[in-house]
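S.K.: Sending over a structure as structure tokens; questions will come in a sec.
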Amino acid sequence: MAGKKSYVKDYMTKNVINVSPSTKTEEVIALMRESRHNSYPVVNNGKLVGMVTAFDIVSKEWADTVEELMSTKLVVANQDLSINDASRVMFRRGISRMPVVDEKGALVGIITNTDMVRSHIERSTPTKVEYFKKTMEQLYGIKTTLKHMPVETNKLRPTQDKVYADELEGRAYELEKGLAEPAIVVKTGDRWILVDGHHRAVASKQRGYETVDSYVVDLGQDIKLGMEKTADKAGIRTFNDIEIIDDDKHPLIALTESIQDQASKDDD
């Protein structure tokens, strides 16, 4: 699972909203409000010819069309460029996104900083899963199998008693954008035990998703896990048994705010 090289084409957004040089500036502003994106590739006759951003609109003298506002000196990526090299280019140039073009200059996608983060999350997760898999094998003296697969949300047995509302919002956003990393699930007998990824799973449940993208460690036999026994004692059997903490913020955020408050006091 480790060592696989990732490329721009694996993580770029392919269906990119774009405009033409003759697009009215007012239409671009309306599009920005609707889509909440602040920049768009400009395409003419199938080829990328520029980029128009919110900064172009507010910082330059008003123009009626995109052609008079767009930037034409662009940093672009080839879809076969490695993610690491693309990250280096974006970091050194101080840019947050790059249009992706083919050998003919046609727009085929766009790669962003968010995509870079997602690529690193997905590359780090297998390492964590592999460690967990080996731990299960050593603990129970068995040989397990590992699959990356969707698991029916209703089949999952949670083992965590609470989740935080603010973090649920973040996981919901990731699910909508296709950025969420897989959950970790143990299949033991006919049970699917959720080990890691409770916020993702609860967010999926709330939004009616029928499955949760998961790494499944199959024990190949029915073993009652310690985390199951703990969940039994706590009365946690379904997602309805999980408490959503709304008033108390996530401990990490609370800690950050505490540090900020202390810094403010020190400045007074």
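Ligands are numbered from 1 in the order shown, chains are lettered A, B, ... in the order of the structure tokens, and residues start at 1 in each chain.
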I'd like the neighbourhood of Arg207 (chain A) as a PyMOL selection string, where a residue qualifies if any of its atoms comes within 10 Å (using only C-alpha atoms), though same-chain residues fewer than 6 positions away should be ignored.
M.R.: chain A and resi 172+175-176+201
S.K.: For Ile57 (chain A), please output as a ChimeraX atom specification all residues within 9 Å (counting only C-alpha atoms; exclusion window: fewer than 3 positions along the same chain).
M.R.: /A:25,29,52-54,60-63,66,69-70
S.K.: Step one, run DSSP on the backbone; step two, keep only residues of region 51-150 of chain A assigned to strand (DSSP E or B); then write them as a ChimeraX atom specification.
M.R.: /A:51-53,65,71,77-78,82,97-101,106-112,145-150
S.K.: Please tabulate, as a Markdown table, the residues of region 2-26 of chain A that come within 12 Å of region 85-102 of chain A, each with its closest pair of atoms and the distance in Å to one decimal, counting only C-alpha atoms and ordering rows by chain, then residue number upward.
M.R.:
| residue | atom | partner | partner_atom | distance |
| --- | --- | --- | --- | --- |
| A:Lys5 | CA | A:Asp85 | CA | 11.3 |
| A:Ser6 | CA | A:Asp85 | CA | 10.2 |
| A:Tyr7 | CA | A:Ala86 | CA | 8.6 |
| A:Val8 | CA | A:Ala86 | CA | 7.3 |
| A:Lys9 | CA | A:Val100 | CA | 8.6 |
| A:Asp10 | CA | A:Val100 | CA | 11.9 |
| A:Tyr11 | CA | A:Val100 | CA | 11.1 |
| A:Met12 | CA | A:Val100 | CA | 8.0 |
| A:Thr13 | CA | A:Val100 | CA | 9.3 |
| A:Lys14 | CA | A:Val100 | CA | 9.0 |
| A:Asn15 | CA | A:Val100 | CA | 11.4 |
| A:Val16 | CA | A:Pro99 | CA | 9.3 |
| A:Ile17 | CA | A:Pro99 | CA | 11.4 |
| A:Asn18 | CA | A:Pro99 | CA | 10.7 |
S.K.: Measuring between only C-alpha atoms, which one of A:Leu146, A:Glu169, A:Val202, A:Ser59 shows the shortest distance to Val185 (chain A)?
M.R.: A:Leu146
S.K.: Please provide as a list in words all residues within 10 Å of Gly50 (chain A), with the sequence filter that same-chain residues fewer than 5 positions apart are discarded (counting only C-alpha atoms).
M.R.: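 The contact residues come out as Val19, Ser20, Pro21, Tyr40, Pro41, Val42, Val43, Asn44, Val66, Glu67, Leu69, Met70, Ser71, Thr72, Lys73, Leu74 and Pro99 of chain A.
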S.K.: Hey, which of A:Thr188, A:Gln79, A:Thr23, A:Ser39 ends up closest to Leu156 (chain A)? Count only C-alpha atoms.
M.R.: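 Closest residue, counting only C-alpha atoms: A:Thr188.
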